[in-house]
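Coordinates as given in entry_38.cif (mmCIF, C-alpha atoms and all ligand atoms):
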data_data
#
loop_
_atom_site.label_atom_id
_atom_site.label_comp_id
_atom_site.auth_asym_id
_atom_site.auth_seq_id
_atom_site.Cartn_x
_atom_site.Cartn_y
_atom_site.Cartn_z
CA MET A 627 6.87 66.58 -76.55
CA ARG A 628 9.34 64.28 -74.92
CA ARG A 629 11.83 67.14 -74.80
CA ILE A 630 9.27 69.40 -73.11
CA LEU A 631 8.52 66.71 -70.54
CA PHE A 632 12.22 66.32 -69.91
CA LEU A 633 12.55 70.07 -69.38
CA ILE A 634 9.62 70.09 -66.97
CA VAL A 635 11.15 67.23 -64.98
CA LEU A 636 14.48 69.05 -64.98
CA LEU A 637 12.90 72.27 -63.75
CA LEU A 638 10.92 70.40 -61.11
CA THR A 639 14.05 68.62 -59.92
CA ARG A 640 15.84 71.95 -59.78
CA PHE A 641 12.98 73.49 -57.81
CA LEU A 642 12.93 70.62 -55.34
CA ALA A 643 16.69 70.81 -54.93
CA VAL A 644 16.37 74.46 -53.96
CA ALA A 645 13.42 73.91 -51.66
CA GLN A 646 14.99 71.08 -49.66
CA ARG A 647 17.63 71.55 -47.01
CA ASP A 648 21.05 70.95 -48.45
CA CYS A 649 23.59 70.68 -45.63
CA ARG A 650 26.94 69.76 -47.09
CA SER A 651 28.94 69.14 -43.91
CA THR A 652 29.49 65.48 -44.78
CA GLU A 653 30.64 66.23 -48.33
CA TYR A 654 32.82 69.05 -47.03
CA ALA A 655 34.46 66.66 -44.55
CA GLN A 656 35.08 64.13 -47.32
CA ASN A 657 36.67 66.84 -49.48
CA ALA A 658 38.82 67.97 -46.56
CA LEU A 659 39.96 64.39 -45.97
CA ARG A 660 40.91 64.00 -49.62
CA LYS A 661 42.99 67.18 -49.44
CA ASP A 662 44.62 66.22 -46.16
CA PRO A 663 44.48 62.51 -45.27
CA SER A 664 46.13 63.24 -41.90
CA LEU A 665 42.86 64.88 -40.87
CA ALA A 666 41.40 61.38 -40.45
CA LEU A 667 43.62 60.77 -37.44
CA ALA A 668 42.63 64.07 -35.80
CA MET A 669 38.94 63.32 -36.36
CA GLN A 670 39.37 59.82 -34.99
CA GLN A 671 41.05 61.20 -31.88
CA VAL A 672 38.12 63.54 -31.20
CA GLU A 673 35.69 60.67 -31.74
CA SER A 674 37.48 58.18 -29.49
CA PHE A 675 37.95 60.85 -26.81
CA THR A 676 34.23 61.62 -26.98
CA ARG A 677 33.22 57.98 -26.65
CA THR A 678 35.57 57.44 -23.73
CA GLN A 679 34.00 60.39 -21.94
CA LEU A 680 30.49 59.18 -22.65
CA GLU A 681 31.26 55.69 -21.36
CA ARG A 682 32.68 57.20 -18.22
CA LYS A 683 29.69 59.45 -17.59
CA PRO A 684 26.68 58.18 -19.47
CA ALA A 685 24.10 60.75 -20.43
CA GLN A 686 21.20 61.19 -18.13
CA GLN A 687 18.32 60.57 -20.44
CA ALA A 688 15.39 60.46 -18.10
CA ALA A 689 12.86 63.23 -18.24
CA GLY A 690 13.69 66.03 -15.85
CA GLY A 691 17.09 64.63 -14.92
CA ILE A 692 19.38 67.18 -16.47
CA SER A 693 22.27 68.10 -14.33
CA ALA A 694 24.41 65.13 -13.44
CA TYR A 695 26.47 64.96 -16.57
CA SER A 696 27.10 68.60 -17.29
CA THR A 697 27.77 69.76 -13.76
CA GLY A 698 29.97 66.75 -13.22
CA ILE A 699 32.27 67.30 -16.15
CA LEU A 700 32.46 71.04 -15.78
CA SER A 701 32.66 71.26 -12.03
CA ASP A 702 36.26 72.41 -12.08
CA SER A 703 35.73 75.07 -14.70
CA ALA A 704 33.02 77.20 -13.16
CA HIS A 705 33.36 80.96 -12.61
CA SER A 706 35.87 83.21 -14.32
CA LEU A 707 35.18 81.15 -17.41
CA ASN A 708 32.33 81.40 -19.85
CA THR A 709 30.23 79.15 -17.71
CA ASP A 710 27.55 79.86 -15.24
CA THR A 711 25.39 77.77 -13.03
CA ALA A 712 21.76 78.32 -13.72
CA GLY A 713 19.12 77.40 -11.22
CA GLY A 714 15.45 76.95 -11.86
CA THR A 715 15.77 74.95 -15.02
CA GLY A 716 13.56 72.27 -13.63
CA SER A 717 16.50 70.11 -12.67
CA ALA A 718 17.87 69.16 -9.33
CA GLY A 719 20.99 71.12 -8.44
CA GLY A 720 21.00 73.39 -11.50
CA MET A 721 23.07 72.90 -14.61
CA THR A 722 26.11 74.44 -16.18
CA ILE A 723 25.56 76.98 -18.90
CA ILE A 724 28.29 77.57 -21.47
CA THR A 725 28.25 80.89 -23.30
CA ILE A 726 30.10 80.92 -26.62
CA PRO A 727 31.45 84.19 -28.06
CA VAL A 728 30.51 84.51 -31.72
CA VAL A 729 32.05 86.49 -34.57
CA VAL A 730 29.88 86.83 -37.68
CA HIS A 731 31.73 87.49 -40.93
CA ILE A 732 29.35 88.97 -43.50
CA ILE A 733 30.96 88.37 -46.90
CA TYR A 734 28.88 90.19 -49.47
CA ASN A 735 28.94 90.83 -53.18
CA SER A 736 25.62 92.63 -53.50
CA GLN A 737 23.90 94.98 -51.08
CA ALA A 738 21.25 92.33 -50.42
CA GLN A 739 23.95 89.96 -49.17
CA ASN A 740 25.15 92.62 -46.74
CA ILE A 741 22.44 91.67 -44.26
CA GLY A 742 21.55 94.05 -41.46
CA ASP A 743 22.42 93.86 -37.79
CA ALA A 744 18.81 93.09 -36.86
CA GLN A 745 18.87 89.94 -39.00
CA ILE A 746 22.13 88.83 -37.36
CA LEU A 747 20.67 89.42 -33.90
CA SER A 748 17.57 87.45 -34.87
CA GLN A 749 19.84 84.46 -35.53
CA ILE A 750 21.60 84.79 -32.18
CA LYS A 751 18.19 84.86 -30.54
CA VAL A 752 17.18 81.61 -32.25
CA LEU A 753 20.38 79.91 -31.09
CA ASN A 754 19.71 81.04 -27.55
CA THR A 755 16.23 79.56 -27.57
CA ASP A 756 17.00 76.34 -29.45
CA TYR A 757 20.04 75.40 -27.37
CA ARG A 758 18.19 76.20 -24.13
CA LYS A 759 14.92 74.48 -25.14
CA LEU A 760 13.15 77.81 -24.86
CA ASN A 761 11.81 77.68 -28.43
CA ALA A 762 8.05 78.12 -28.59
CA ASP A 763 7.67 75.13 -30.89
CA THR A 764 8.74 72.67 -28.21
CA ALA A 765 4.95 72.48 -27.97
CA ALA A 766 5.02 70.64 -31.30
CA ILE A 767 7.36 67.88 -30.09
CA PRO A 768 5.38 64.60 -30.14
CA SER A 769 4.56 63.39 -26.63
CA TYR A 770 6.53 60.16 -27.18
CA PHE A 771 9.74 62.11 -27.90
CA LEU A 772 9.21 64.88 -25.38
CA PRO A 773 10.98 63.06 -22.51
CA ARG A 774 14.12 62.95 -24.66
CA ALA A 775 14.13 66.70 -25.51
CA ALA A 776 17.02 68.44 -23.77
CA ASP A 777 18.00 71.90 -22.65
CA CYS A 778 21.57 71.71 -23.95
CA GLY A 779 22.79 74.60 -21.83
CA PHE A 780 24.59 76.52 -24.58
CA GLN A 781 24.21 80.25 -25.06
CA PHE A 782 25.67 82.43 -27.79
CA ALA A 783 26.65 86.09 -27.76
CA LEU A 784 28.27 88.40 -30.30
CA ALA A 785 31.86 89.04 -29.24
CA LYS A 786 32.57 92.28 -27.38
CA VAL A 787 36.36 92.00 -27.48
CA ASP A 788 38.35 91.22 -30.61
CA THR A 789 41.53 89.20 -31.00
CA SER A 790 43.64 92.25 -30.08
CA GLY A 791 41.66 93.00 -26.95
CA TYR A 792 39.76 95.97 -28.38
CA ALA A 793 36.02 96.58 -28.55
CA THR A 794 34.11 94.95 -31.37
CA SER A 795 30.51 94.53 -32.39
CA GLY A 796 31.24 90.89 -33.20
CA ILE A 797 30.21 91.61 -36.80
CA ILE A 798 32.72 91.97 -39.63
CA ARG A 799 31.52 93.16 -43.03
CA LYS A 800 33.61 92.56 -46.08
CA HIS A 801 32.91 93.08 -49.74
CA THR A 802 33.92 90.30 -52.11
CA SER A 803 34.08 90.00 -55.85
CA ILE A 804 32.75 86.44 -55.59
CA GLN A 805 29.06 86.27 -56.43
CA ALA A 806 28.46 82.79 -54.96
CA PHE A 807 30.90 80.58 -53.07
CA ALA A 808 31.52 76.91 -53.82
CA LEU A 809 31.78 74.18 -51.19
CA ASP A 810 35.30 75.04 -50.10
CA ASP A 811 37.05 77.41 -47.70
CA ASP A 812 37.39 80.50 -49.89
CA MET A 813 35.06 82.53 -47.68
CA LYS A 814 37.41 81.87 -44.73
CA TYR A 815 40.47 83.66 -46.10
CA SER A 816 40.95 87.31 -47.03
CA ALA A 817 43.27 86.18 -49.79
CA THR A 818 40.49 84.27 -51.54
CA GLY A 819 37.70 86.82 -51.28
CA GLY A 820 36.58 86.04 -47.73
CA ASP A 821 37.63 87.00 -44.23
CA ASP A 822 40.18 85.26 -42.01
CA ALA A 823 38.96 83.23 -39.05
CA TRP A 824 39.32 84.57 -35.55
CA ASP A 825 41.02 82.24 -33.08
CA ARG A 826 38.74 79.25 -32.60
CA ASP A 827 39.97 78.85 -29.04
CA SER A 828 38.12 82.07 -28.23
CA TYR A 829 35.34 82.42 -30.82
CA LEU A 830 32.83 80.53 -32.90
CA ASN A 831 33.33 81.83 -36.45
CA ILE A 832 30.16 82.14 -38.53
CA TRP A 833 30.61 83.14 -42.16
CA VAL A 834 27.48 84.36 -43.92
CA CYS A 835 27.72 84.57 -47.69
CA SER A 836 26.02 83.54 -50.89
CA MET A 837 26.47 79.82 -51.52
CA ALA A 838 26.19 78.32 -55.01
CA ASN A 839 23.86 75.47 -55.96
CA GLY A 840 21.27 75.86 -53.21
CA VAL A 841 23.60 74.86 -50.37
CA VAL A 842 22.28 76.38 -47.14
CA GLY A 843 25.25 75.64 -44.94
CA PHE A 844 28.10 73.48 -43.74
CA SER A 845 30.39 73.12 -40.76
CA SER A 846 34.05 72.38 -40.25
CA VAL A 847 34.88 69.12 -38.48
CA PRO A 848 36.05 69.02 -34.86
CA GLY A 849 39.75 68.30 -35.00
CA GLY A 850 40.13 70.08 -38.34
CA PRO A 851 42.48 72.98 -39.17
CA ARG A 852 42.27 76.13 -37.07
CA SER A 853 42.08 78.46 -40.06
CA THR A 854 38.84 76.93 -41.36
CA ASP A 855 37.10 76.26 -38.06
CA GLY A 856 33.49 77.41 -37.87
CA ILE A 857 30.27 77.26 -39.81
CA VAL A 858 29.11 78.77 -43.08
CA VAL A 859 25.48 79.73 -43.71
CA ASP A 860 23.88 81.10 -46.85
CA TYR A 861 22.55 84.64 -46.34
CA ARG A 862 19.08 83.46 -47.35
CA ALA A 863 19.00 80.89 -44.54
CA PHE A 864 20.35 83.06 -41.73
CA GLY A 865 18.16 84.58 -39.01
CA THR A 866 14.44 85.14 -39.17
CA SER A 867 14.11 88.48 -40.97
CA GLY A 868 15.51 90.41 -43.93
CA THR A 869 16.78 88.02 -46.59
CA ALA A 870 15.81 84.85 -44.67
CA THR A 871 13.64 82.87 -47.06
CA ALA A 872 11.13 80.10 -46.36
CA PRO A 873 11.41 77.23 -45.72
CA PHE A 874 14.72 78.18 -44.05
CA ASN A 875 13.64 81.42 -42.42
CA LEU A 876 13.54 80.37 -38.77
CA GLY A 877 17.28 80.26 -38.14
CA ARG A 878 17.50 76.49 -37.87
CA THR A 879 20.30 76.16 -40.43
CA ALA A 880 22.74 77.73 -37.96
CA THR A 881 21.31 75.62 -35.13
CA HIS A 882 21.98 72.50 -37.25
CA GLU A 883 25.48 73.52 -38.39
CA ILE A 884 26.57 74.48 -34.88
CA GLY A 885 25.39 71.00 -33.89
CA HIS A 886 28.01 69.65 -36.31
CA TRP A 887 30.56 72.15 -34.96
CA LEU A 888 29.84 70.63 -31.56
CA ASN A 889 30.47 67.15 -32.99
CA LEU A 890 26.94 65.96 -33.74
CA ILE A 891 26.33 63.64 -36.67
CA HIS A 892 23.20 63.60 -38.82
CA THR A 893 20.44 61.49 -37.27
CA TRP A 894 20.72 58.87 -40.05
CA GLY A 895 24.47 58.56 -39.42
CA ASP A 896 25.22 59.57 -43.02
CA ALA A 897 24.59 56.00 -44.14
CA TYR A 898 21.68 53.65 -44.80
CA CYS A 899 20.33 52.98 -41.28
CA GLY A 900 23.63 54.45 -40.06
CA ASN A 901 24.81 55.33 -36.56
CA ASP A 902 24.98 58.83 -35.10
CA TYR A 903 26.54 57.48 -31.88
CA VAL A 904 23.69 58.86 -29.83
CA ASP A 905 21.50 56.36 -27.98
CA ASP A 906 18.28 58.31 -27.72
CA THR A 907 17.86 59.27 -31.37
CA PRO A 908 16.16 56.44 -33.29
CA GLN A 909 18.13 54.77 -36.05
CA GLN A 910 16.68 55.93 -39.36
CA GLN A 911 17.13 54.97 -42.96
CA ALA A 912 18.08 58.31 -44.50
CA ALA A 913 17.55 62.04 -44.22
CA ASP A 914 13.98 63.26 -43.87
CA LEU A 915 13.44 66.25 -46.10
CA GLY A 916 10.82 68.94 -46.45
CA ASP A 917 7.67 68.83 -44.42
CA PRO A 918 6.96 65.28 -43.20
CA LYS A 919 3.97 64.52 -41.00
CA GLY A 920 2.88 61.63 -38.83
CA ILE A 921 5.03 58.62 -37.96
CA ILE A 922 7.62 57.47 -40.50
CA VAL A 923 8.96 54.04 -39.63
CA SER A 924 12.32 52.95 -41.06
CA CYS A 925 15.11 50.59 -40.01
CA GLY A 926 12.62 48.90 -37.66
CA ASN A 927 12.38 52.05 -35.51
CA GLY A 928 8.68 51.63 -34.66
CA PRO A 929 6.42 52.42 -33.00
CA TYR A 930 7.50 56.07 -33.04
CA GLY A 931 9.65 56.12 -36.18
CA ASP A 932 12.16 58.72 -37.35
CA MET A 933 12.85 61.72 -35.13
CA TYR A 934 12.52 64.08 -38.08
CA MET A 935 11.99 67.05 -35.78
CA ASN A 936 15.54 66.67 -34.50
CA TYR A 937 17.76 69.62 -35.43
CA MET A 938 20.23 67.17 -36.95
CA ASP A 939 17.76 65.91 -39.57
CA LEU A 940 17.15 67.91 -42.78
CA THR A 941 13.49 68.87 -42.60
CA ASN A 942 12.26 72.43 -43.02
CA ASP A 943 12.91 75.00 -40.31
CA ASP A 944 9.35 74.84 -39.01
CA ARG A 945 9.61 71.07 -38.51
CA LEU A 946 12.80 71.18 -36.42
CA ASN A 947 12.45 71.72 -32.70
CA MET A 948 14.64 69.48 -30.50
CA PHE A 949 17.99 68.05 -29.47
CA THR A 950 18.14 65.00 -27.21
CA TYR A 951 19.97 64.35 -23.93
CA GLY A 952 22.28 62.01 -25.77
CA GLN A 953 23.19 64.73 -28.26
CA ARG A 954 23.76 67.16 -25.42
CA ALA A 955 26.14 64.72 -23.76
CA ARG A 956 28.09 64.34 -27.02
CA MET A 957 28.41 68.11 -27.38
CA LEU A 958 29.45 68.64 -23.76
CA ALA A 959 32.15 65.98 -24.05
CA LEU A 960 34.16 68.51 -26.11
CA PHE A 961 34.41 70.81 -23.09
CA VAL A 962 36.01 68.50 -20.53
CA PRO A 963 39.78 68.62 -19.88
CA GLY A 964 41.39 67.27 -23.03
CA GLY A 965 38.34 68.16 -25.14
CA CYS A 966 38.98 70.17 -28.29
CA ARG A 967 36.52 72.95 -27.44
CA LEU A 968 37.65 73.37 -23.83
CA PRO A 969 39.83 76.47 -24.52
CA ILE A 970 36.79 78.54 -25.51
CA LEU A 971 35.68 78.47 -21.86
CA HIS A 972 38.68 80.75 -21.22
CA SER A 973 37.83 83.18 -24.03
CA ASN A 974 38.03 86.89 -23.33
CA GLY A 975 35.63 87.49 -26.23
CA LEU A 976 32.87 88.61 -23.88
CA GLY A 977 35.16 90.42 -21.43
CA THR A 978 36.07 94.07 -21.05
CA PRO A 979 37.83 95.67 -24.04
CA LEU A 980 41.03 97.67 -23.84
CA GLN A 981 40.71 101.40 -24.39
CA SER A 982 42.62 102.53 -27.47
CA SER A 983 44.40 105.88 -27.17
CA SER A 984 41.98 107.54 -29.56
CA GLY A 985 38.94 106.05 -27.92
CA GLY A 986 38.17 104.19 -31.12
CA SER A 987 37.83 100.52 -31.77
CA SER A 988 40.51 98.05 -32.68
CA PRO A 989 42.82 98.81 -35.57
CA ASN A 990 42.15 95.23 -36.63
CA THR A 991 38.43 95.71 -37.00
CA PRO A 992 37.20 97.52 -40.10
CA THR A 993 34.76 100.18 -39.03
CA HIS A 994 31.41 100.71 -40.60
CA GLU A 995 28.96 103.38 -39.60
CA PRO A 996 25.51 101.81 -39.14
CA GLY A 997 23.09 103.04 -41.75
CA SER A 998 25.75 104.44 -44.04
CA ALA A 999 26.42 103.34 -47.55
CA ALA A 1000 28.72 100.61 -46.26
CA VAL A 1001 32.16 102.22 -46.31
CA SER A 1002 34.68 100.10 -44.41
CA ILE A 1003 38.08 101.42 -43.38
CA TYR A 1004 41.05 99.32 -42.36
CA PRO A 1005 42.96 99.93 -40.19
CA ASN A 1006 41.08 102.55 -38.22
CA PRO A 1007 42.58 104.37 -36.32
CA SER A 1008 45.36 104.79 -38.82
CA VAL A 1009 48.71 106.57 -39.00
CA GLY A 1010 48.83 106.81 -42.76
CA PRO A 1011 48.12 104.19 -45.40
CA LEU A 1012 44.71 102.61 -45.18
CA SER A 1013 42.28 100.59 -47.23
CA ILE A 1014 38.82 101.83 -48.03
CA ILE A 1015 36.29 99.25 -49.06
CA LEU A 1016 32.99 100.21 -50.63
CA SER A 1017 30.08 97.88 -51.14
CA ASP A 1018 28.03 99.52 -53.83
CA PRO A 1019 29.38 99.22 -57.39
CA THR A 1020 27.26 102.21 -58.43
CA GLN A 1021 29.57 104.37 -56.31
CA ILE A 1022 32.40 103.83 -58.80
CA GLY A 1023 32.89 107.12 -60.64
CA SER A 1024 31.65 109.26 -57.75
CA VAL A 1025 33.88 111.32 -55.46
CA MET A 1026 34.95 110.52 -51.92
CA ASP A 1027 35.51 113.50 -49.65
CA ILE A 1028 37.19 113.60 -46.25
CA TYR A 1029 36.03 116.31 -43.82
CA ASN A 1030 37.48 117.38 -40.49
CA GLN A 1031 35.38 117.94 -37.40
CA LEU A 1032 34.73 121.54 -38.42
CA GLY A 1033 33.09 120.31 -41.60
CA GLN A 1034 35.97 121.50 -43.79
CA LYS A 1035 36.89 119.33 -46.74
CA VAL A 1036 40.53 118.29 -46.37
CA MET A 1037 40.91 115.67 -49.08
CA SER A 1038 39.05 114.34 -52.10
CA ARG A 1039 39.51 111.40 -54.35
CA LYS A 1040 37.67 109.89 -57.26
CA VAL A 1041 36.25 106.43 -56.56
CA ASP A 1042 37.76 104.24 -59.26
CA GLN A 1043 37.30 100.83 -57.66
CA LEU A 1044 35.53 99.23 -54.71
CA GLN A 1045 38.75 98.68 -52.77
CA MET A 1046 41.12 101.65 -52.66
CA GLN A 1047 44.33 102.54 -50.90
CA LEU A 1048 44.60 105.99 -49.36
CA ASP A 1049 47.45 107.69 -47.51
CA ILE A 1050 46.35 110.13 -44.80
CA SER A 1051 49.79 110.70 -43.29
CA ILE A 1052 49.62 114.38 -44.29
CA LEU A 1053 46.54 114.90 -42.10
CA GLN A 1054 46.87 116.08 -38.52
CA ARG A 1055 45.84 113.78 -35.72
CA GLY A 1056 42.13 113.84 -35.07
CA VAL A 1057 38.72 112.64 -36.11
CA TYR A 1058 37.60 112.87 -39.74
CA PHE A 1059 34.56 111.80 -41.70
CA ILE A 1060 34.44 110.14 -45.09
CA ARG A 1061 31.48 110.82 -47.32
CA ILE A 1062 30.74 109.59 -50.79
CA ARG A 1063 29.32 112.51 -52.78
CA ASP A 1064 25.81 111.84 -54.02
CA GLY A 1065 25.64 109.01 -51.49
CA ILE A 1066 22.98 108.58 -48.88
CA GLN A 1067 22.20 111.97 -47.38
CA GLY A 1068 23.84 112.43 -44.02
CA SER A 1069 25.77 109.19 -43.95
CA ALA A 1070 29.44 109.37 -43.07
CA THR A 1071 32.08 106.99 -41.82
CA LYS A 1072 34.29 108.05 -38.96
CA LEU A 1073 38.03 107.89 -39.47
CA VAL A 1074 40.61 108.46 -36.74
CA LYS A 1075 44.11 109.71 -37.64
CA ILE A 1076 46.70 108.94 -34.96
ZN ZN B 1 24.23 68.69 -41.58
#
As structure tokens:
Amino acid sequence: MRRILFLIVLLLTRFLAVAQRDCRSTEYAQNALRKDPSLALAMQQVESFTRTQLERKPAQQAAGGISAYSTGILSDSAHSLNTDTAGGTGSAGGMTIITIPVVVHIIYNSQAQNIGDAQILSQIKVLNTDYRKLNADTAAIPSYFLPRAADCGFQFALAKVDTSGYATSGIIRKHTSIQAFALDDDMKYSATGGDDAWDRDSYLNIWVCSMANGVVGFSSVPGGPRSTDGIVVDYRAFGTSGTATAPFNLGRTATHEIGHWLNLIHTWGDAYCGNDYVDDTPQQQAADLGDPKGIIVSCGNGPYGDMYMNYMDLTNDDRLNMFTYGQRARMLALFVPGGCRLPILHSNGLGTPLQSSSGGSSPNTPTHEPGSAAVSIYPNPSVGPLSIILSDPTQIGSVMDIYNQLGQKVMSRKVDQLQMQLDISILQRGVYFIRIRDGIQGSATKLVKI
């Protein structure tokens, strides 16, 4: 009987662990520091720079007073950069809007993990409402915290131009043999089953993959290595449709992790009654989890208690609905001259792409025909040797045919593994189509021989 009780408790604990938000940014940072102690100095530099900026230009925390800080610090970086001055936000003089180009790396082992474009776009939409205080559930912010709720002025858009200057959808899809990733950087390198980061000075990297042990996401630390910069989100906690699963199906995991990417600390300061270095978030004892209601007083933070609806707490997606002016000021401090995120204001990621000679997309971007059975080709266009990556293990054993534009079969090959090398140097220049026999009717992936 005792054993059965123990098992029930174990199962219950396991269930609760899955159902509660498990952001591992703090643990990830500790691991990174252990691996590279010199990271502490870089993190300290970002922190002291941030505090110096905030002392110089304290955040405007009064209700309705939005613009002084942001327009002040970014006044010399308007136009020709990824900034814009928006009027009509309810503030005097308008405020500066920063648009961040995003590249989403979908690292998938199963078809389910290869989430669709619509789900990715649903996440971008959430970011654009949460960071502009346009989310419908601002109506649920308690009246006593409402004056602190800020339009942070950040917008997010899938990149249109890749690192080589060519057109991109801002979405990279890559098959991996790894079924679930651990809390490390393997998803951020092609060599370890992931996909390499794009330059952080021009893009926010978001890796979406399957995370082990119920982790929903984590962020790199500002000041950390370039090759691991960005956020990671489990495919079940990304966007609002498809595989997004309650209670993390409203896209708030990415909102939270990008908060870390922009230098925000958890509201409890990652310590008992800790400090998040933001004045207008109440000190609180620890993380609030799940679905709290009413006023929760801790660390003497009465009468209003914990701000458990703050995006930097760990409650369920439908509880989270606000950033504060103080948090906005901390984030914006990264974008002043000398700030570590300043270069992204000069990104060409949302600019006009170069035209490749074949009219195709970048040779650096694997192509994938929407709606097809997920055949990726790299590089494409190609002069000869190329890699073909399939996503569906059931395709192993079938035959891959290459057709020219007249519909004539010019090459065939048996599919013996999910990643194959193929040499098309014998083919004439032109456009070809790859089909997997017995695959989805009508689906083909375009291949350009140059
Ligand atoms: Zn977190």
Given 8 Å and all atoms listed in the file, residues near ligand ZN 1 (chain B) as a PyMOL selection string: chain A and resi 648-652+843-845+882-883+886+891-892+938-940
Mind dumping a table of every range 720-778 of chain A residue within 9 Å of range 867-879 of chain A, with the nearest atom pair and its distance in Å to one decimal, using all atoms listed in the file, sorted by chain and rising number, as a tab-separated table?
residue	atom	partner	partner_atom	distance
A:Ala738	CA	A:Thr869	CA	7.3
A:Gln739	CA	A:Thr869	CA	7.9
A:Ile741	CA	A:Gly868	CA	7.1
A:Gly742	CA	A:Gly868	CA	7.5
A:Ala744	CA	A:Ser867	CA	7.8
A:Gln745	CA	A:Ser867	CA	5.4
A:Ile746	CA	A:Ser867	CA	8.8
A:Ser748	CA	A:Ser867	CA	7.1
A:Gln749	CA	A:Gly877	CA	5.6
A:Ile750	CA	A:Gly877	CA	8.6
A:Lys751	CA	A:Gly877	CA	8.9
A:Val752	CA	A:Gly877	CA	6.0
A:Leu753	CA	A:Gly877	CA	7.7
A:Asp756	CA	A:Arg878	CA	8.4
Selected residues written out with C-alpha atoms, as a PDB file, in the coordinates of the input:
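What landed in selection.pdb:
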ATOM      1  CA  ALA A 738      21.250  92.330 -50.420  1.00  0.00           C
ATOM      2  CA  GLN A 739      23.950  89.960 -49.170  1.00  0.00           C
ATOM      3  CA  ILE A 741      22.440  91.670 -44.260  1.00  0.00           C
ATOM      4  CA  GLY A 742      21.550  94.050 -41.460  1.00  0.00           C
ATOM      5  CA  ALA A 744      18.810  93.090 -36.860  1.00  0.00           C
ATOM      6  CA  GLN A 745      18.870  89.940 -39.000  1.00  0.00           C
ATOM      7  CA  ILE A 746      22.130  88.830 -37.360  1.00  0.00           C
ATOM      8  CA  SER A 748      17.570  87.450 -34.870  1.00  0.00           C
ATOM      9  CA  GLN A 749      19.840  84.460 -35.530  1.00  0.00           C
ATOM     10  CA  ILE A 750      21.600  84.790 -32.180  1.00  0.00           C
ATOM     11  CA  LYS A 751      18.190  84.860 -30.540  1.00  0.00           C
ATOM     12  CA  VAL A 752      17.180  81.610 -32.250  1.00  0.00           C
ATOM     13  CA  LEU A 753      20.380  79.910 -31.090  1.00  0.00           C
ATOM     14  CA  ASP A 756      17.000  76.340 -29.450  1.00  0.00           C
TER      15      ASP A 756
END
Range 760-763 of chain A environment, 12 Å, all atoms listed in the file, sequence neighbours closer than 5 positions dropped, as a ChimeraX atom specification: /A:715,751-755,768,772,775-781,876-878,881,935,943-949
Same residues, C-alpha atoms, output as a PDB file, in the coordinates of the input:
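Contents of result-v4.pdb, as written:
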ATOM      1  CA  THR A 715      15.770  74.950 -15.020  1.00  0.00           C
ATOM      2  CA  LYS A 751      18.190  84.860 -30.540  1.00  0.00           C
ATOM      3  CA  VAL A 752      17.180  81.610 -32.250  1.00  0.00           C
ATOM      4  CA  LEU A 753      20.380  79.910 -31.090  1.00  0.00           C
ATOM      5  CA  ASN A 754      19.710  81.040 -27.550  1.00  0.00           C
ATOM      6  CA  THR A 755      16.230  79.560 -27.570  1.00  0.00           C
ATOM      7  CA  PRO A 768       5.380  64.600 -30.140  1.00  0.00           C
ATOM      8  CA  LEU A 772       9.210  64.880 -25.380  1.00  0.00           C
ATOM      9  CA  ALA A 775      14.130  66.700 -25.510  1.00  0.00           C
ATOM     10  CA  ALA A 776      17.020  68.440 -23.770  1.00  0.00           C
ATOM     11  CA  ASP A 777      18.000  71.900 -22.650  1.00  0.00           C
ATOM     12  CA  CYS A 778      21.570  71.710 -23.950  1.00  0.00           C
ATOM     13  CA  GLY A 779      22.790  74.600 -21.830  1.00  0.00           C
ATOM     14  CA  PHE A 780      24.590  76.520 -24.580  1.00  0.00           C
ATOM     15  CA  GLN A 781      24.210  80.250 -25.060  1.00  0.00           C
ATOM     16  CA  LEU A 876      13.540  80.370 -38.770  1.00  0.00           C
ATOM     17  CA  GLY A 877      17.280  80.260 -38.140  1.00  0.00           C
ATOM     18  CA  ARG A 878      17.500  76.490 -37.870  1.00  0.00           C
ATOM     19  CA  THR A 881      21.310  75.620 -35.130  1.00  0.00           C
ATOM     20  CA  MET A 935      11.990  67.050 -35.780  1.00  0.00           C
ATOM     21  CA  ASP A 943      12.910  75.000 -40.310  1.00  0.00           C
ATOM     22  CA  ASP A 944       9.350  74.840 -39.010  1.00  0.00           C
ATOM     23  CA  ARG A 945       9.610  71.070 -38.510  1.00  0.00           C
ATOM     24  CA  LEU A 946      12.800  71.180 -36.420  1.00  0.00           C
ATOM     25  CA  ASN A 947      12.450  71.720 -32.700  1.00  0.00           C
ATOM     26  CA  MET A 948      14.640  69.480 -30.500  1.00  0.00           C
ATOM     27  CA  PHE A 949      17.990  68.050 -29.470  1.00  0.00           C
TER      28      PHE A 949
END
Contact residues around Met957 in chain A with only C-alpha atoms at 8 Å, ignoring same-chain residues under 6 positions, as number ranges by chain: A: 885, 888-890
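In this structure, CA of Pro1011 in chain A sits 6.2 Å away from CA of Ile1050 in chain A.
Across the model, the gap from CA of Gly796 in chain A to CA of Asp827 in chain A is 15.4 Å.
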